[in-house]
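Participant: Contents of run-v6.txt (compact mmCIF, C-alpha atoms) are below:
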```txt
# COMPACT_ATOMS: atom_id res chain seq x y z
CA MET C 30 110.45 -52.89 15.69
CA GLN C 31 111.96 -54.10 18.95
CA THR C 32 114.23 -51.56 20.65
CA LEU C 33 117.29 -52.86 22.45
CA LEU C 34 119.91 -51.13 24.60
CA ILE C 35 123.48 -52.40 24.37
CA THR C 36 125.96 -50.82 26.77
CA GLY C 37 129.61 -50.88 25.79
CA ALA C 38 128.57 -50.98 22.11
CA ALA C 39 131.93 -49.60 20.91
CA GLY C 40 133.78 -52.25 22.92
CA PHE C 41 135.05 -55.58 21.64
CA ILE C 42 132.13 -57.82 22.63
CA GLY C 43 129.52 -55.07 22.46
CA PHE C 44 130.42 -54.26 18.86
CA HIS C 45 130.00 -57.86 17.69
CA VAL C 46 126.76 -58.34 19.64
CA ALA C 47 125.31 -55.08 18.31
CA ARG C 48 126.16 -56.04 14.74
CA LYS C 49 124.36 -59.38 15.07
CA PHE C 50 121.22 -57.73 16.43
CA LEU C 51 121.33 -55.03 13.74
CA LYS C 52 121.49 -57.69 11.02
CA ARG C 53 118.32 -59.19 12.52
CA GLY C 54 116.55 -55.86 12.01
CA VAL C 55 116.41 -54.90 15.69
CA HIS C 56 116.59 -51.19 16.51
CA VAL C 57 119.73 -50.91 18.63
CA VAL C 58 120.66 -48.01 20.87
CA GLY C 59 124.37 -48.41 21.54
CA LEU C 60 125.70 -46.70 24.65
CA ASP C 61 129.40 -46.07 25.22
CA SER C 62 131.57 -43.50 27.01
CA LEU C 63 134.50 -44.02 24.58
CA ASN C 64 136.97 -43.84 27.48
CA ASN C 65 140.71 -44.00 26.86
CA TYR C 66 141.53 -47.27 28.65
CA TYR C 67 142.82 -48.33 25.23
CA ASP C 68 143.00 -46.84 21.72
CA VAL C 69 139.89 -44.70 21.20
CA GLY C 70 140.56 -44.88 17.46
CA LEU C 71 139.77 -48.59 17.52
CA LYS C 72 136.51 -47.93 19.35
CA THR C 73 135.61 -45.21 16.88
CA ALA C 74 136.33 -47.54 13.95
CA ARG C 75 134.00 -50.15 15.44
CA LEU C 76 131.37 -47.45 15.94
CA GLU C 77 131.61 -46.37 12.31
CA GLN C 78 130.84 -49.94 11.28
CA LEU C 79 127.70 -49.85 13.40
CA ARG C 80 126.64 -46.43 12.10
CA SER C 81 126.35 -47.95 8.62
CA PHE C 82 123.11 -49.60 9.79
CA ALA C 83 119.99 -47.43 9.57
CA ASN C 84 118.57 -49.11 12.68
CA PHE C 85 121.52 -48.07 14.90
CA GLU C 86 121.53 -45.10 17.24
CA PHE C 87 124.51 -44.04 19.33
CA ALA C 88 124.27 -42.64 22.87
CA HIS C 89 127.57 -41.13 24.03
CA LEU C 90 127.05 -41.44 27.78
CA ASN C 91 128.88 -42.48 30.92
CA LEU C 92 127.19 -45.12 33.07
CA ASN C 93 127.54 -42.90 36.12
CA ASP C 94 125.55 -40.07 34.54
CA ARG C 95 122.47 -41.22 36.41
CA GLU C 96 120.10 -38.53 35.19
CA ALA C 97 121.02 -39.03 31.54
CA ILE C 98 120.74 -42.82 31.78
CA ALA C 99 117.38 -42.55 33.54
CA GLY C 100 116.19 -40.19 30.80
CA LEU C 101 117.34 -42.61 28.12
CA PHE C 102 115.31 -45.41 29.69
CA ARG C 103 112.24 -43.15 29.96
CA ASP C 104 112.47 -41.97 26.37
CA ARG C 105 113.19 -45.25 24.58
CA LYS C 106 111.14 -47.85 26.49
CA PHE C 107 113.63 -50.66 25.87
CA GLN C 108 112.20 -54.16 25.71
CA ARG C 109 115.55 -55.74 26.53
CA VAL C 110 118.96 -54.61 27.74
CA ILE C 111 122.35 -56.15 27.03
CA HIS C 112 124.78 -54.74 29.61
CA LEU C 113 128.35 -55.28 28.42
CA ALA C 114 130.00 -52.01 29.48
CA ALA C 115 132.62 -52.42 32.20
CA GLN C 116 136.15 -51.57 33.16
CA ALA C 117 138.04 -54.62 31.94
CA GLY C 118 141.43 -56.02 32.87
CA VAL C 119 142.52 -58.19 35.78
CA ARG C 120 145.98 -56.65 36.20
CA TYR C 121 144.76 -53.06 35.72
CA SER C 122 142.41 -53.50 38.69
CA SER C 123 145.35 -53.89 41.08
CA ASP C 124 146.58 -50.37 40.31
CA ASN C 125 143.27 -48.62 39.66
CA PRO C 126 140.71 -50.07 42.09
CA PHE C 127 138.37 -47.08 42.26
CA VAL C 128 137.84 -47.13 38.50
CA TYR C 129 136.30 -50.59 38.93
CA LEU C 130 134.07 -49.41 41.74
CA ASP C 131 132.75 -46.53 39.63
CA SER C 132 132.26 -48.43 36.39
CA ASN C 133 131.46 -52.01 37.35
CA ILE C 134 129.52 -51.47 40.59
CA SER C 135 127.95 -48.01 40.37
CA GLY C 136 127.52 -48.26 36.61
CA THR C 137 125.72 -51.59 36.85
CA LEU C 138 123.47 -50.25 39.58
CA THR C 139 122.47 -47.39 37.26
CA ILE C 140 121.47 -49.93 34.59
CA LEU C 141 119.58 -52.07 37.09
CA GLU C 142 117.62 -49.02 38.22
CA GLY C 143 116.81 -48.14 34.63
CA CYS C 144 115.52 -51.67 34.08
CA ARG C 145 113.41 -51.46 37.23
CA GLN C 146 111.86 -48.12 36.38
CA SER C 147 110.97 -49.11 32.81
CA ARG C 148 110.02 -52.74 33.50
CA VAL C 149 112.47 -54.22 31.02
CA GLU C 150 111.51 -57.72 29.79
CA HIS C 151 115.01 -59.16 30.18
CA LEU C 152 118.44 -57.93 31.28
CA VAL C 153 121.42 -59.90 29.99
CA TYR C 154 124.76 -58.84 31.47
CA ALA C 155 128.41 -59.78 31.17
CA SER C 156 130.15 -61.63 33.95
CA SER C 157 133.48 -63.44 33.71
CA SER C 158 135.17 -66.78 34.26
CA SER C 159 137.46 -64.90 36.66
CA VAL C 160 134.73 -65.12 39.33
CA TYR C 161 135.77 -68.74 39.93
CA GLY C 162 138.98 -67.43 41.48
CA SER C 163 140.70 -69.99 43.67
CA ASN C 164 138.30 -72.79 42.68
CA THR C 165 140.27 -75.73 41.28
CA ALA C 166 137.47 -78.20 40.46
CA GLN C 167 137.38 -78.55 36.67
CA PRO C 168 135.39 -77.86 34.62
CA PHE C 169 134.06 -74.71 36.29
CA SER C 170 130.35 -75.17 36.94
CA VAL C 171 127.72 -72.51 37.58
CA HIS C 172 126.25 -74.95 40.11
CA ASP C 173 129.30 -74.49 42.37
CA PRO C 174 129.97 -71.50 44.65
CA ALA C 175 132.21 -68.76 43.28
CA ASP C 176 133.07 -66.79 46.40
CA HIS C 177 136.87 -66.56 46.37
CA PRO C 178 137.87 -64.07 43.64
CA LEU C 179 141.59 -63.43 43.15
CA SER C 180 141.33 -59.91 41.74
CA LEU C 181 139.20 -56.85 42.32
CA TYR C 182 137.97 -57.13 38.73
CA ALA C 183 136.66 -60.63 39.51
CA ALA C 184 135.09 -59.38 42.74
CA THR C 185 133.17 -56.66 40.89
CA LYS C 186 131.87 -59.19 38.37
CA ARG C 187 130.68 -61.49 41.13
CA ALA C 188 129.09 -58.48 42.82
CA ASN C 189 127.20 -57.75 39.60
CA GLU C 190 125.70 -61.23 39.71
CA LEU C 191 124.55 -60.73 43.30
CA MET C 192 123.14 -57.28 42.52
CA ALA C 193 121.21 -58.70 39.56
CA HIS C 194 119.76 -61.44 41.76
CA SER C 195 118.53 -58.91 44.30
CA TYR C 196 116.69 -56.97 41.57
CA SER C 197 115.25 -60.18 40.12
CA HIS C 198 113.98 -61.10 43.59
CA LEU C 199 112.70 -57.69 44.67
CA TYR C 200 111.27 -56.41 41.39
CA HIS C 201 110.78 -59.62 39.34
CA ILE C 202 113.09 -58.42 36.57
CA PRO C 203 114.34 -61.42 34.57
CA THR C 204 118.15 -61.32 34.54
CA THR C 205 120.75 -63.59 32.97
CA GLY C 206 124.47 -63.37 33.73
CA LEU C 207 126.99 -64.73 31.23
CA ARG C 208 130.41 -65.80 32.47
CA PHE C 209 132.62 -65.33 29.42
CA PHE C 210 135.77 -67.43 29.07
CA THR C 211 138.86 -65.72 27.50
CA VAL C 212 137.25 -64.09 24.48
CA TYR C 213 139.40 -63.46 21.39
CA GLY C 214 139.00 -62.60 17.71
CA PRO C 215 138.86 -59.75 15.17
CA TRP C 216 138.41 -56.22 16.56
CA GLY C 217 139.79 -57.42 19.92
CA ARG C 218 141.22 -55.25 22.68
CA PRO C 219 144.89 -54.18 22.42
CA ASP C 220 145.50 -55.13 26.07
CA MET C 221 144.61 -58.78 25.46
CA ALA C 222 147.24 -61.47 24.91
CA LEU C 223 146.44 -62.36 21.30
CA PHE C 224 146.56 -58.72 20.22
CA LYS C 225 149.80 -58.01 22.09
CA PHE C 226 151.44 -61.21 20.87
CA THR C 227 150.54 -60.55 17.23
CA LYS C 228 151.84 -56.99 17.36
CA ALA C 229 155.11 -58.06 18.99
CA ILE C 230 155.76 -60.99 16.65
CA LEU C 231 155.21 -58.82 13.57
CA GLU C 232 157.53 -56.16 15.03
CA GLY C 233 160.17 -58.72 16.03
CA THR C 234 159.99 -57.90 19.73
CA PRO C 235 159.73 -60.45 22.60
CA ILE C 236 156.40 -61.40 24.12
CA ASP C 237 155.92 -61.76 27.89
CA VAL C 238 154.80 -65.29 28.70
CA TYR C 239 153.70 -65.75 32.31
CA ASN C 240 154.04 -68.97 34.34
CA GLN C 241 156.39 -70.31 31.65
CA GLY C 242 153.39 -70.60 29.33
CA LYS C 243 151.92 -73.48 31.33
CA MET C 244 148.59 -71.80 32.08
CA LYS C 245 145.53 -73.19 30.31
CA ARG C 246 142.65 -71.09 29.03
CA ASP C 247 139.28 -71.94 27.55
CA PHE C 248 139.78 -69.60 24.58
CA THR C 249 136.39 -68.67 23.10
CA TYR C 250 135.94 -67.08 19.68
CA ILE C 251 134.05 -63.81 19.52
CA ASP C 252 131.47 -64.92 16.94
CA ASP C 253 130.47 -67.77 19.24
CA ILE C 254 130.18 -65.35 22.16
CA ALA C 255 128.01 -62.91 20.20
CA ALA C 256 125.76 -65.69 18.90
CA ALA C 257 125.23 -66.95 22.45
CA VAL C 258 124.32 -63.47 23.72
CA VAL C 259 121.74 -63.00 20.96
CA GLN C 260 120.16 -66.38 21.63
CA VAL C 261 120.17 -65.93 25.42
CA ALA C 262 118.37 -62.59 25.03
CA ASP C 263 115.41 -64.55 23.63
CA SER C 264 115.57 -67.09 26.48
CA ILE C 265 113.85 -65.16 29.28
CA PRO C 266 114.33 -67.03 32.57
CA PRO C 267 111.23 -67.88 34.61
CA SER C 268 111.23 -68.29 38.36
CA ASN C 269 112.42 -71.77 39.32
CA SER C 270 109.61 -73.25 41.40
CA SER C 271 111.75 -76.29 42.30
CA TRP C 272 114.67 -74.24 43.65
CA ASN C 273 115.71 -75.61 47.04
CA SER C 274 116.65 -72.97 49.62
CA GLU C 275 118.22 -75.63 51.86
CA ARG C 276 120.59 -76.71 49.08
CA PRO C 277 120.73 -73.56 46.96
CA ASP C 278 121.96 -73.82 43.37
CA PRO C 279 123.88 -70.56 42.65
CA SER C 280 122.97 -70.65 38.94
CA THR C 281 119.22 -70.31 39.42
CA SER C 282 116.68 -69.07 41.96
CA SER C 283 113.07 -68.79 43.01
CA ALA C 284 113.43 -65.41 41.28
CA PRO C 285 113.64 -65.09 37.45
CA PHE C 286 117.43 -65.34 37.48
CA ARG C 287 120.03 -67.44 35.66
CA ILE C 288 123.80 -67.66 35.25
CA HIS C 289 125.49 -69.45 32.35
CA ASN C 290 129.08 -70.18 31.40
CA VAL C 291 129.96 -69.26 27.81
CA GLY C 292 133.13 -71.12 26.88
CA ASN C 293 134.60 -73.40 24.24
CA ARG C 294 135.05 -76.44 26.55
CA GLN C 295 138.58 -76.99 25.22
CA PRO C 296 141.28 -75.64 27.56
CA THR C 297 144.46 -74.88 25.63
CA GLU C 298 147.92 -74.39 27.10
CA LEU C 299 149.27 -70.92 26.42
CA LEU C 300 152.37 -72.30 24.66
CA ARG C 301 150.11 -74.19 22.25
CA PHE C 302 148.10 -71.01 21.64
CA ILE C 303 151.35 -69.18 20.80
CA GLN C 304 152.41 -72.02 18.50
CA VAL C 305 149.17 -71.73 16.51
CA LEU C 306 149.67 -67.96 16.30
CA GLU C 307 153.24 -68.43 15.01
CA GLN C 308 151.90 -70.70 12.28
CA ALA C 309 149.17 -68.21 11.30
CA ILE C 310 151.65 -65.32 11.08
CA GLY C 311 154.51 -67.33 9.63
CA ILE C 312 157.07 -65.91 12.05
CA PRO C 313 158.47 -67.54 15.24
CA ALA C 314 157.89 -65.69 18.50
CA LYS C 315 160.65 -64.45 20.77
CA MET C 316 159.50 -65.32 24.29
CA ASN C 317 160.35 -63.69 27.60
CA MET C 318 159.43 -66.35 30.19
CA LEU C 319 158.09 -64.86 33.44
CA PRO C 320 156.61 -66.19 36.70
CA MET C 321 152.90 -66.28 37.50
CA GLN C 322 151.31 -62.88 38.10
CA ALA C 323 149.16 -62.01 41.09
CA GLY C 324 145.45 -62.35 40.31
CA ASP C 325 145.96 -64.93 37.54
CA VAL C 326 144.53 -68.45 37.70
CA LEU C 327 146.25 -71.59 36.42
CA ALA C 328 143.42 -72.90 34.25
CA THR C 329 139.90 -72.17 33.06
CA PHE C 330 137.49 -74.75 31.67
CA ALA C 331 133.78 -74.12 31.13
CA ASP C 332 130.94 -76.49 31.91
CA VAL C 333 128.19 -75.20 29.59
CA ASP C 334 125.34 -77.50 30.56
CA THR C 335 122.93 -74.72 31.51
CA LEU C 336 123.73 -72.76 28.33
CA MET C 337 122.95 -75.85 26.26
CA ASP C 338 119.67 -76.28 28.12
CA ALA C 339 118.74 -72.65 27.48
CA ILE C 340 119.68 -72.20 23.81
CA GLY C 341 120.58 -75.67 22.51
CA SER C 342 124.13 -74.79 21.43
CA SER C 343 127.51 -73.66 22.73
CA PRO C 344 130.79 -72.22 21.37
CA SER C 345 132.75 -74.57 19.11
CA THR C 346 135.22 -72.59 16.94
CA SER C 347 138.73 -74.09 17.10
CA ILE C 348 141.71 -71.90 18.02
CA GLU C 349 143.24 -72.70 14.64
CA ALA C 350 140.25 -71.19 12.81
CA GLY C 351 139.79 -68.34 15.27
CA ILE C 352 143.42 -67.22 15.37
CA GLU C 353 143.62 -67.33 11.58
CA GLN C 354 140.66 -64.96 11.34
CA PHE C 355 142.20 -62.60 13.89
CA VAL C 356 145.53 -62.43 12.07
CA LYS C 357 143.76 -61.73 8.76
CA TRP C 358 141.81 -58.89 10.37
CA TYR C 359 144.91 -57.48 12.12
CA ARG C 360 146.93 -57.37 8.90
CA VAL C 361 144.16 -55.59 7.03
CA TYR C 362 143.33 -53.14 9.81
CA TYR C 363 146.93 -52.19 10.53
CA GLU C 364 148.27 -52.87 7.03
CA ALA C 365 150.90 -55.06 8.67
CA GLY C 366 152.71 -57.98 7.09
```
Would you write out, as C-alpha cells, the structure that this file holds?
Facilitator:
Amino acid sequence: MQTLLITGAAGFIGFHVARKFLKRGVHVVGLDSLNNYYDVGLKTARLEQLRSFANFEFAHLNLNDREAIAGLFRDRKFQRVIHLAAQAGVRYSSDNPFVYLDSNISGTLTILEGCRQSRVEHLVYASSSSVYGSNTAQPFSVHDPADHPLSLYAATKRANELMAHSYSHLYHIPTTGLRFFTVYGPWGRPDMALFKFTKAILEGTPIDVYNQGKMKRDFTYIDDIAAAVVQVADSIPPSNSSWNSERPDPSTSSAPFRIHNVGNRQPTELLRFIQVLEQAIGIPAKMNMLPMQAGDVLATFADVDTLMDAIGSSPSTSIEAGIEQFVKWYRVYYEAG
C-alpha cells in the first residue's frame, strides 16, 4: 500500500484531500499541530472523521520540530507528500508577521529537507492566488511573473514556490505548486467570508462587506480542489527539456517543477455571492459597507490551461450548488436554522 504524508490534515483543504486519498485505499499519515488560529473543536471534528478510516494515522507535530519531522520521514518512507499546512489569512499576516515566517517559510523548509533526505517521488504543495498581488492582467496566468505580492502571506507563498524550485533543481525532487483560488465549502474555516456571513445572517447581525461588495473572486468549491490535488499527485512533472532560459516561463523549468492555477474560471462579484447565500439561507443579509482593506486585490480569475494539460479537468462547481452544500453542512454541524 502506498504511504502518503499530508500536512495540515486537520485543516479545511487537508481534511478533504486526506479523505479522498483514504477512500482510494492509500495509507495516509496526517500531520497537524492543531494550533488555535481558529476553533480547535472544528479541527478535532474533522480529525475524528479521518480516524474512522483504518488506513489513517495521525501525527500530532509542529512543522518546526525539525528532529521529529526528520524522524517521521525516516520511519515512514513516504512515496509522496502533500504539503498543505500553513498559517493562513491575508489580514492576520499584517498583525502577526513572525508567525508566517515560522510556519510558512521555516515549516516548508523542514518538509523540503524531509523530501530530500528520503527521496520522495513527488511533492505537491499549496500556494495561493494571492501571489499575483498587484498584477491586473486577467485571467491570472502561471506563465506571467508574480513578483509583487500585496501581503506578507502572499509573499510567503511565493517564497515557497521559489524554495521548491531550488530543491527541484539541486536535488531533482519533482515538485508541483498549486495556486488555489478562494476555496469554500463544507467544513470551511471560520475566518473565511462564507462562514462568517452565514453565521451573521442566521444570528441577525450585520456582515462587513469591503469595497462596497464590488470585488470579484474566482470562488472554487472544495470538492473540486481536493479532486485536483489527488489527480496532480499522480502527475509527476518531468524536467522540461524545451525550457528557454532567455525567455523563462515561471510555471515550468529545466528542473522537474510545475505550477498550476486551481480555480473555477468564473469570477463572481461579492454582492452576487451574498445574494446566492441569502437565497440558500432564506434570510436577507444586513450589510455594513466598508472601504477596501490593505492587502486585498480587486479581482481574481484563474487561467487553468496548465492544470488541464496535466490532469485533463478543472474545477466546475457553480456557486449556487456549492453554497447550498455549505449551508446544509453548517445547519447540521451547528444545529442552526
Participant: Which residues are near stretch 52-65 of chain C? Cut-off 10 Å, all atoms listed in the file, ignore same chain within fewer than 5 positions. Put them as a ChimeraX atom specification.
Facilitator: /C:30-40,43-44,47,70-73,76,79-80,82-93,98,101,105,107,110-116,259
Participant: Do you know which residues are at most 12 Å from C:Met244 counting only C-alpha atoms, after dropping those on the same chain fewer than 4 positions away, and could you put them as a ChimeraX atom specification?
Facilitator: /C:238-240,248,296-303,319-322,325-330
Participant: What's the 7 Å shell around C:Arg187, counting all atoms listed in the file, without same-chain residues fewer than 4 positions away, as a list of chain:residue names?
Facilitator: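 Here the answer would be C:Val160, C:Ala183, C:Leu191.
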Participant: So that I can check the surroundings of stretch 210-227 of chain C, please list as number ranges by chain every protein, DNA and RNA residue that reaches within 7 Å of it, counting only C-alpha atoms and ignoring chain neighbours fewer than 5 positions away.
Facilitator: C: 41, 67, 157-158, 236, 246-251, 291-292, 351-352, 354-355, 358
Participant: Ranking C:Val119, C:Ala339, C:Ile42, C:Ala284 by minimum distance to C:Asp252 and counting all atoms listed in the file, which one comes first?
Facilitator: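 Of all the options, C:Ile42 lies closest to C:Asp252.
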Participant: Would you compute the distance between atom CA of C:Gln78 and atom CA of C:His45? Give it in Å to one decimal.
Facilitator: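 Going from atom CA of C:Gln78 over to atom CA of C:His45, I get 10.2 Å.
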Participant: Compile the contact shell of stretch 168-178 of chain C as a list in words: residues with an atom at most 7 Å away, counting all atoms listed in the file, same-chain residues fewer than 3 positions apart removed.
Facilitator: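 So the residues in contact are Val160, Tyr161, Gly162, Ser163, Ala183, Ala184, Asp278, Pro279, Ser280, Ile288, His289, Asn290, Phe330, Ala331 and Asp332 of chain C.
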Participant: Provide an axis-aligned box for all listed atoms of stretch 197-214 of chain C, padding each side by 8 Å; report its centre and its edge lengths in Å to one decimal, as JSON.
Facilitator:
```
{"center_x": 125.1, "center_y": -61.9, "center_z": 31.2, "size_x": 44.6, "size_y": 27.0, "size_z": 43.0}
```
Participant: Return the single residue from C:Lys315, C:Lys243, C:Arg120, C:Arg109 that is closest to C:Leu181, with distances computed using all atoms listed in the file.
Facilitator: C:Arg120
Participant: Can you tell me how far atom CA of C:Gln241 sits from atom CA of C:Met318, in Å to one decimal?
Facilitator: 5.2 Å
Participant: Can you tell me how far atom CA of C:Arg208 sits from atom CA of C:Ala262, in Å to one decimal?
Facilitator: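 So the answer is 14.5 Å.
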Participant: Between C:Pro277, C:Gly100, C:Gly341, C:Pro285, which one has atoms that come closest to C:Ala193, using all atoms listed in the file?
Facilitator: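 Closest to C:Ala193, using all atoms listed in the file: C:Pro285.
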Participant: Considering only C-alpha atoms, state which residue in the set C:Ala166, C:Leu152, C:Val46, C:Leu138 is at the smallest distance from C:Arg287.
Facilitator: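 Of C:Ala166, C:Leu152, C:Val46, C:Leu138, the one nearest C:Arg287, counting only C-alpha atoms, is C:Leu152.
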Participant: Identify which of the residues C:Ile230, C:Gly118, C:Leu51, C:Ala256 lies closest to C:Gln308, counting only C-alpha atoms when measuring atom-to-atom distances.
Facilitator: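 Ranked by minimum distance to C:Gln308, first place goes to C:Ile230.
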Participant: Looking at C:Pro235, C:Gly136, C:Pro344, C:Pro266, which one is nearest to C:Asn317, with distances taken over all atoms listed in the file?
Facilitator: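 Nearest candidate to C:Asn317 out of C:Pro235, C:Gly136, C:Pro344, C:Pro266: C:Pro235.
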Participant: Export stretch 76-85 of chain C of the preceding structure, keeping all heavy atoms, as a tab-separated table (two decimals), in the first residue's frame.
Facilitator:
```tsv
chain	number	residue	atom	x	y	z
C	76	LEU	N	-10.76	15.68	12.27
C	76	LEU	CA	-9.82	14.59	12.56
C	76	LEU	C	-10.56	13.32	12.93
C	76	LEU	O	-10.16	12.21	12.52
C	76	LEU	CB	-8.89	15.03	13.70
C	76	LEU	CG	-7.63	14.19	13.94
C	76	LEU	CD1	-6.80	14.08	12.68
C	76	LEU	CD2	-6.82	14.83	15.07
C	77	GLU	N	-11.63	13.43	13.69
C	77	GLU	CA	-12.42	12.25	14.05
C	77	GLU	C	-13.01	11.57	12.82
C	77	GLU	O	-13.13	10.35	12.78
C	77	GLU	CB	-13.52	12.64	15.04
C	77	GLU	CG	-13.00	12.96	16.43
C	77	GLU	CD	-12.13	11.85	17.01
C	77	GLU	OE1	-12.60	10.68	17.02
C	77	GLU	OE2	-10.99	12.14	17.42
C	78	GLN	N	-13.39	12.37	11.84
C	78	GLN	CA	-13.88	11.80	10.59
C	78	GLN	C	-12.80	10.97	9.92
C	78	GLN	O	-13.05	9.88	9.41
C	78	GLN	CB	-14.32	12.93	9.65
C	78	GLN	CG	-15.52	13.74	10.13
C	78	GLN	CD	-16.83	13.16	9.65
C	78	GLN	OE1	-16.94	12.69	8.52
C	78	GLN	NE2	-17.83	13.18	10.51
C	79	LEU	N	-11.57	11.49	9.92
C	79	LEU	CA	-10.46	10.77	9.29
C	79	LEU	C	-10.07	9.52	10.08
C	79	LEU	O	-9.69	8.50	9.49
C	79	LEU	CB	-9.25	11.70	9.15
C	79	LEU	CG	-9.45	12.95	8.30
C	79	LEU	CD1	-8.17	13.79	8.28
C	79	LEU	CD2	-9.87	12.60	6.88
C	80	ARG	N	-10.18	9.58	11.38
C	80	ARG	CA	-9.81	8.42	12.22
C	80	ARG	C	-10.74	7.22	11.99
C	80	ARG	O	-10.41	6.10	12.37
C	80	ARG	CB	-9.86	8.82	13.70
C	80	ARG	CG	-8.73	9.74	14.16
C	80	ARG	CD	-8.83	9.93	15.67
C	80	ARG	NE	-8.01	10.99	16.19
C	80	ARG	CZ	-6.71	10.85	16.53
C	80	ARG	NH1	-6.12	9.69	16.37
C	80	ARG	NH2	-6.05	11.88	17.01
C	81	SER	N	-11.88	7.46	11.36
C	81	SER	CA	-12.80	6.35	11.10
C	81	SER	C	-12.26	5.42	10.01
C	81	SER	O	-12.78	4.32	9.81
C	81	SER	CB	-14.18	6.88	10.70
C	81	SER	OG	-14.13	7.54	9.44
C	82	PHE	N	-11.23	5.86	9.29
C	82	PHE	CA	-10.60	5.03	8.27
C	82	PHE	C	-9.44	4.23	8.89
C	82	PHE	O	-8.59	4.80	9.58
C	82	PHE	CB	-10.05	5.89	7.13
C	82	PHE	CG	-11.09	6.56	6.29
C	82	PHE	CD1	-11.61	7.81	6.65
C	82	PHE	CD2	-11.55	5.95	5.12
C	82	PHE	CE1	-12.58	8.43	5.86
C	82	PHE	CE2	-12.51	6.58	4.33
C	82	PHE	CZ	-13.03	7.81	4.70
C	83	ALA	N	-9.41	2.94	8.62
C	83	ALA	CA	-8.35	2.09	9.18
C	83	ALA	C	-6.99	2.43	8.61
C	83	ALA	O	-5.96	2.15	9.24
C	83	ALA	CB	-8.68	0.62	8.90
C	84	ASN	N	-6.96	3.03	7.42
C	84	ASN	CA	-5.69	3.35	6.76
C	84	ASN	C	-5.21	4.78	7.06
C	84	ASN	O	-4.38	5.33	6.33
C	84	ASN	CB	-5.78	3.14	5.25
C	84	ASN	CG	-7.03	3.73	4.61
C	84	ASN	OD1	-8.09	3.78	5.22
C	84	ASN	ND2	-6.91	4.18	3.37
C	85	PHE	N	-5.74	5.37	8.15
C	85	PHE	CA	-5.31	6.72	8.54
C	85	PHE	C	-4.50	6.66	9.83
C	85	PHE	O	-4.84	5.93	10.76
C	85	PHE	CB	-6.51	7.64	8.76
C	85	PHE	CG	-6.13	9.03	9.21
C	85	PHE	CD1	-5.58	9.95	8.33
C	85	PHE	CD2	-6.29	9.42	10.55
C	85	PHE	CE1	-5.21	11.22	8.75
C	85	PHE	CE2	-5.93	10.69	10.97
C	85	PHE	CZ	-5.39	11.60	10.07
```
